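Here is the structure we will look at.
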Amino acid sequence: MTSPVPPRESDAAVLEAVATGIPSALSDLGHLVRIPGMAWPAFDQTQLERSAEAVAALASGTGVFDEVRVLRAAIPGTDEQGQPAVLATRAARNGKPTILLYAHHDVQPPGDDALWETPPFEPTVRDGRLYGRGAADDKAGIMSHIASIRAVSEVLGDDLDLGIAMFIEGEEEYGSRSFAQFLSDNKDALRADAIVVADSGNWDSVTPGLTVSLRGNARFTMRVRTLDHASHSGMFGGAVPDAMMATVTLLSTLWNADGSVAVEGMTERDAPTPDYTEETLRDEAGLLPGTTPIGDGSILSRIWNKPSVTVIGIDANSVAAASNTLLPEVTVVISARVAPGQSGQDAYEALERHLRAHAPFGAELTFSDVDLGDGFLVDTSGWAVALTRDAMRDGYGVPPVDLGVGGSIPFIADLVREFPAAQILVTGVEDPHSRAHSPNESLHLDTFRHAVATEALLLARMNAAEL
């Protein structure tokens with residue numbers, strides 16, 4: 001960049017256009033929230049198609065893009081096609097850079113409707129928050145892109161020379177199975193100097209965050225088998241190990257007494273973290289009064305820089321169908337978060353070695369459905385990071401915080417591989433109380449306003465810069 005700190009005569013006009021456009025942006029967001037687009041085959045796939053078409057219509061309506069398409073890519077290793085994604089592009093003009101804006105339009109299933117205070121797909125505003133599935137994750141990310149483009153286009157008009165590509169994925173919550181192929185198929189259209197991934201969070205509801213590290217992931221299914229058929233627990237209990245006993249015994253070896261991970265070969269990252277109290281953790285996570293945190297070291301180091309292991313699913317007899325029987329097999333799904341700097345493959349191999357070495361009573365273990373993703377560390381020295389921090393400060397009115405995130409966005413590794421020269425900026429509209437993936441997911445409306453202002457300022461300032 002020959003103009004790392006571009007002129008800002010248009011800032012006031014951009015911020016005014018953002019403020020004027022927020023009501024229509026929230027109305028459009030409500031329309032998107034009403035569409036229950038979930039990528040799992042068990043759900044109505046026509047709703048996901050509706051969602052993609054609605055996003056495409058919003059992109060076309062900005063009047064900025066040269067081309068807007070709804071596309072699918074093949075899922076490698078299968079004969080299936082991925083879910084519908086929206087790709088909108090405009091070419092850069094007069095030597096200006098190009099920015100790629102990413103978000104996703106698919107959402108998590110709502111879960112038990114009874115746990116929602118209002119219907120999950122009926123957007124509802126109360127106490128300064130918009131409630132609904134996808135209101136924060138990640139349809140607000142889509143609308144932060146659309147609203148910022150609208151504002152910048154209104155202010156700059158024919159002087160908008162910035163190249164913009166917008167990629168709105170349709171299967172992020174389902175594992176981004178066709179993501180890598182989509183990048184390969186559309187590499188020229190997606191190539192950019194900077195990439196904004198609007199799928200993360202902020203320090204709190206008033207302080208922006210730029211995500212500079214993400215944990216990786218290793219998720220897999222493990223079947224534990226001890227018998228070739230079920231047996232009477234009275235006749236053989238006490239002499240024969242049932243699969244549940246073996247499973248519980250085995251799983252308990254994954255953690256130390258304080259709850260930290262006890263798997264040899266899973267690494268930690270040594271990096272400083274900001275101050276963060278146990279009281280804040282209790283408030284944001286909903287920790288019960290009598291329940292204590294787990295792990296060692298600073299609280300944020302446990303979340304950002306160390307591994308975690310969670311059992312997220314189990315197949316065994318239900319409580320309603322319980323009988324006095326020794327179970328022959330139990331199946332569990334294990335989800336591990338991997339410290340930045342270690343590959344998902346290495347972490348999975350360490351976990352499998354540990355579990356096989358600790359299998360009690362000679363239990364037979366079978367591993368399947370392995371899903372891996374690598375973590376991410378941002379190079380914070382680039383010009384785009386500096387512009388983004390500056391835009392966050394002016395858009396929110398307070399300086400941003402560099403965040404680590406305990407969650408994973410595995411497809412960022414695909415972006416790095418395909419576009420090694422691009423600077424990747426991980427931003428978002430969530431705050432710690434958004435409850436993404438949980439009942440009563442919500443978007444803090446002031447955070448959304450500030451996020452749109454930030455992105456609009458970033459686009460306007462990039463438009464004033466030269467490559």
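Labels for the structure tokens follow display order: chains A, B, ..., residues from 1 in each chain, ligands from 1.
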* as number ranges by chain, please: all residues of segment 295-411 of chain A that backbone DSSP puts in alpha helix (DSSP H). => A: 299-304, 344-358, 383-396
Deliver the residues from the most recent selection as a file, using C-alpha atoms, as a compact mmCIF listing (two decimals), in the first residue's frame.
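New file selection.txt:
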# COMPACT_ATOMS: atom_id res chain seq x y z
CA ILE A 299 -8.73 -18.18 32.50
CA LEU A 300 -8.25 -16.84 28.99
CA SER A 301 -5.15 -18.97 28.44
CA ARG A 302 -7.34 -22.02 29.11
CA ILE A 303 -9.79 -20.88 26.44
CA TRP A 304 -7.46 -19.36 23.86
CA GLY A 344 -5.68 -31.03 14.03
CA GLN A 345 -4.13 -34.22 12.64
CA ASP A 346 -1.40 -34.28 15.29
CA ALA A 347 -3.92 -33.68 18.06
CA TYR A 348 -6.22 -36.43 16.80
CA GLU A 349 -3.36 -38.92 16.62
CA ALA A 350 -2.41 -38.05 20.21
CA LEU A 351 -6.00 -38.60 21.33
CA GLU A 352 -6.33 -41.93 19.54
CA ARG A 353 -3.02 -43.14 20.99
CA HIS A 354 -4.13 -42.14 24.47
CA LEU A 355 -7.52 -43.80 24.21
CA ARG A 356 -6.13 -47.06 22.83
CA ALA A 357 -3.43 -47.14 25.52
CA HIS A 358 -5.96 -46.58 28.30
CA TRP A 383 -1.39 -2.69 6.52
CA ALA A 384 -4.91 -4.16 6.51
CA VAL A 385 -4.71 -4.98 10.22
CA ALA A 386 -3.68 -1.40 10.95
CA LEU A 387 -6.57 -0.03 8.88
CA THR A 388 -9.01 -2.37 10.59
CA ARG A 389 -7.92 -1.47 14.11
CA ASP A 390 -8.21 2.19 13.18
CA ALA A 391 -11.69 1.69 11.73
CA MET A 392 -12.78 -0.24 14.84
CA ARG A 393 -11.63 2.57 17.08
CA ASP A 394 -13.59 5.13 15.08
CA GLY A 395 -16.61 2.90 14.47
CA TYR A 396 -17.04 1.86 18.12
Taking 2 positions as the minimum chain separation for residues in the same chain, which residues sit within 6 Å of Arg93 of chain A when counting only C-alpha atoms? Answer as a PDB file with all heavy atoms, in the first residue's frame.
ATOM      1  N   GLY A  95      -6.428   1.084 -10.077  1.00  0.00           N
ATOM      2  CA  GLY A  95      -5.339   0.667  -9.206  1.00  0.00           C
ATOM      3  C   GLY A  95      -5.697   0.454  -7.752  1.00  0.00           C
ATOM      4  O   GLY A  95      -4.803   0.389  -6.895  1.00  0.00           O
ATOM      5  N   LYS A  96      -6.977   0.336  -7.434  1.00  0.00           N
ATOM      6  CA  LYS A  96      -7.397   0.154  -6.052  1.00  0.00           C
ATOM      7  C   LYS A  96      -7.305  -1.324  -5.646  1.00  0.00           C
ATOM      8  O   LYS A  96      -7.326  -2.220  -6.494  1.00  0.00           O
ATOM      9  CB  LYS A  96      -8.826   0.650  -5.853  1.00  0.00           C
ATOM     10  CG  LYS A  96      -9.011   2.119  -6.157  1.00  0.00           C
ATOM     11  CD  LYS A  96      -8.108   3.003  -5.286  1.00  0.00           C
ATOM     12  CE  LYS A  96      -8.323   4.490  -5.590  1.00  0.00           C
ATOM     13  NZ  LYS A  96      -7.449   5.351  -4.770  1.00  0.00           N
ATOM     14  N   ASP A 161     -14.066   2.823  -6.345  1.00  0.00           N
ATOM     15  CA  ASP A 161     -13.193   2.055  -7.236  1.00  0.00           C
ATOM     16  C   ASP A 161     -12.693   0.760  -6.589  1.00  0.00           C
ATOM     17  O   ASP A 161     -12.018  -0.042  -7.241  1.00  0.00           O
ATOM     18  CB  ASP A 161     -11.983   2.899  -7.648  1.00  0.00           C
ATOM     19  CG  ASP A 161     -12.369   4.069  -8.553  1.00  0.00           C
ATOM     20  OD1 ASP A 161     -13.325   3.903  -9.344  1.00  0.00           O
ATOM     21  OD2 ASP A 161     -11.731   5.130  -8.457  1.00  0.00           O
TER      22      ASP A 161
END
* Test item, strand (DSSP E) assignment across segment 268-452 of chain A, answer as a ChimeraX atom specification -> /A:308-315,325-326,329-338,364-373,376-377,401-405,423-430,442-444
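The spacing separating atom CA of Glu49 of chain A from atom CA of Ile142 of chain A amounts to 15.9 Å.
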* Asked: Which neighbours of segment 191-205 of chain A fall inside 9 Å, counting only C-alpha atoms, when residues of the same chain fewer than 5 positions from it are skipped, and could you give them as a PyMOL selection string?
  -> chain A and resi 97-104+136-138+140-142+144-145+163-165+186+210-211+384+400-403+405+407+409+412+415+418-419+421-433+444+446-447
* **Residue with smallest distance to Thr253 of chain A - pool A:Pro289, A:Ser176, A:Ala359, A:Ala135, counting only C-alpha atoms** => A:Ala359
* Could you give me, as a ChimeraX atom specification, the residues within 8 Å of segment 267-280 of chain A, counting only C-alpha atoms and dropping anything in the same chain fewer than 5 positions from it? => /A:293,298-301,305-307,338-342
Convert the current residue selection to file output with N, CA and C atoms, as a PDB file, in the first residue's frame.
ATOM      1  N   PRO A 293     -14.725 -23.292  37.986  1.00  0.00           N
ATOM      2  CA  PRO A 293     -14.045 -23.400  36.692  1.00  0.00           C
ATOM      3  C   PRO A 293     -13.047 -24.558  36.710  1.00  0.00           C
ATOM      4  N   SER A 298      -4.098 -18.738  33.617  1.00  0.00           N
ATOM      5  CA  SER A 298      -5.115 -17.692  33.512  1.00  0.00           C
ATOM      6  C   SER A 298      -6.341 -18.232  32.783  1.00  0.00           C
ATOM      7  N   ILE A 299      -7.492 -17.661  33.081  1.00  0.00           N
ATOM      8  CA  ILE A 299      -8.731 -18.180  32.504  1.00  0.00           C
ATOM      9  C   ILE A 299      -8.705 -18.097  30.980  1.00  0.00           C
ATOM     10  N   LEU A 300      -8.258 -16.966  30.443  1.00  0.00           N
ATOM     11  CA  LEU A 300      -8.255 -16.836  28.988  1.00  0.00           C
ATOM     12  C   LEU A 300      -7.218 -17.733  28.339  1.00  0.00           C
ATOM     13  N   SER A 301      -6.118 -18.044  29.036  1.00  0.00           N
ATOM     14  CA  SER A 301      -5.150 -18.971  28.444  1.00  0.00           C
ATOM     15  C   SER A 301      -5.764 -20.357  28.290  1.00  0.00           C
ATOM     16  N   ASN A 305      -5.474 -20.644  24.453  1.00  0.00           N
ATOM     17  CA  ASN A 305      -4.138 -21.174  24.164  1.00  0.00           C
ATOM     18  C   ASN A 305      -3.906 -22.613  24.581  1.00  0.00           C
ATOM     19  N   LYS A 306      -4.879 -23.251  25.201  1.00  0.00           N
ATOM     20  CA  LYS A 306      -4.717 -24.630  25.644  1.00  0.00           C
ATOM     21  C   LYS A 306      -5.782 -25.516  25.007  1.00  0.00           C
ATOM     22  N   PRO A 307      -5.539 -26.818  24.956  1.00  0.00           N
ATOM     23  CA  PRO A 307      -6.544 -27.722  24.385  1.00  0.00           C
ATOM     24  C   PRO A 307      -7.685 -27.975  25.360  1.00  0.00           C
ATOM     25  N   VAL A 338      -8.002 -27.553  19.751  1.00  0.00           N
ATOM     26  CA  VAL A 338      -6.558 -27.743  19.631  1.00  0.00           C
ATOM     27  C   VAL A 338      -5.862 -26.391  19.724  1.00  0.00           C
ATOM     28  N   ALA A 339      -4.828 -26.316  20.539  1.00  0.00           N
ATOM     29  CA  ALA A 339      -4.118 -25.051  20.730  1.00  0.00           C
ATOM     30  C   ALA A 339      -3.547 -24.541  19.409  1.00  0.00           C
ATOM     31  N   PRO A 340      -3.589 -23.227  19.180  1.00  0.00           N
ATOM     32  CA  PRO A 340      -2.973 -22.676  17.970  1.00  0.00           C
ATOM     33  C   PRO A 340      -1.513 -23.105  17.877  1.00  0.00           C
ATOM     34  N   GLY A 341      -1.117 -23.509  16.693  1.00  0.00           N
ATOM     35  CA  GLY A 341       0.248 -23.968  16.482  1.00  0.00           C
ATOM     36  C   GLY A 341       0.371 -25.469  16.346  1.00  0.00           C
ATOM     37  N   GLN A 342      -0.655 -26.218  16.781  1.00  0.00           N
ATOM     38  CA  GLN A 342      -0.663 -27.668  16.584  1.00  0.00           C
ATOM     39  C   GLN A 342      -1.716 -28.008  15.544  1.00  0.00           C
TER      40      GLN A 342
END
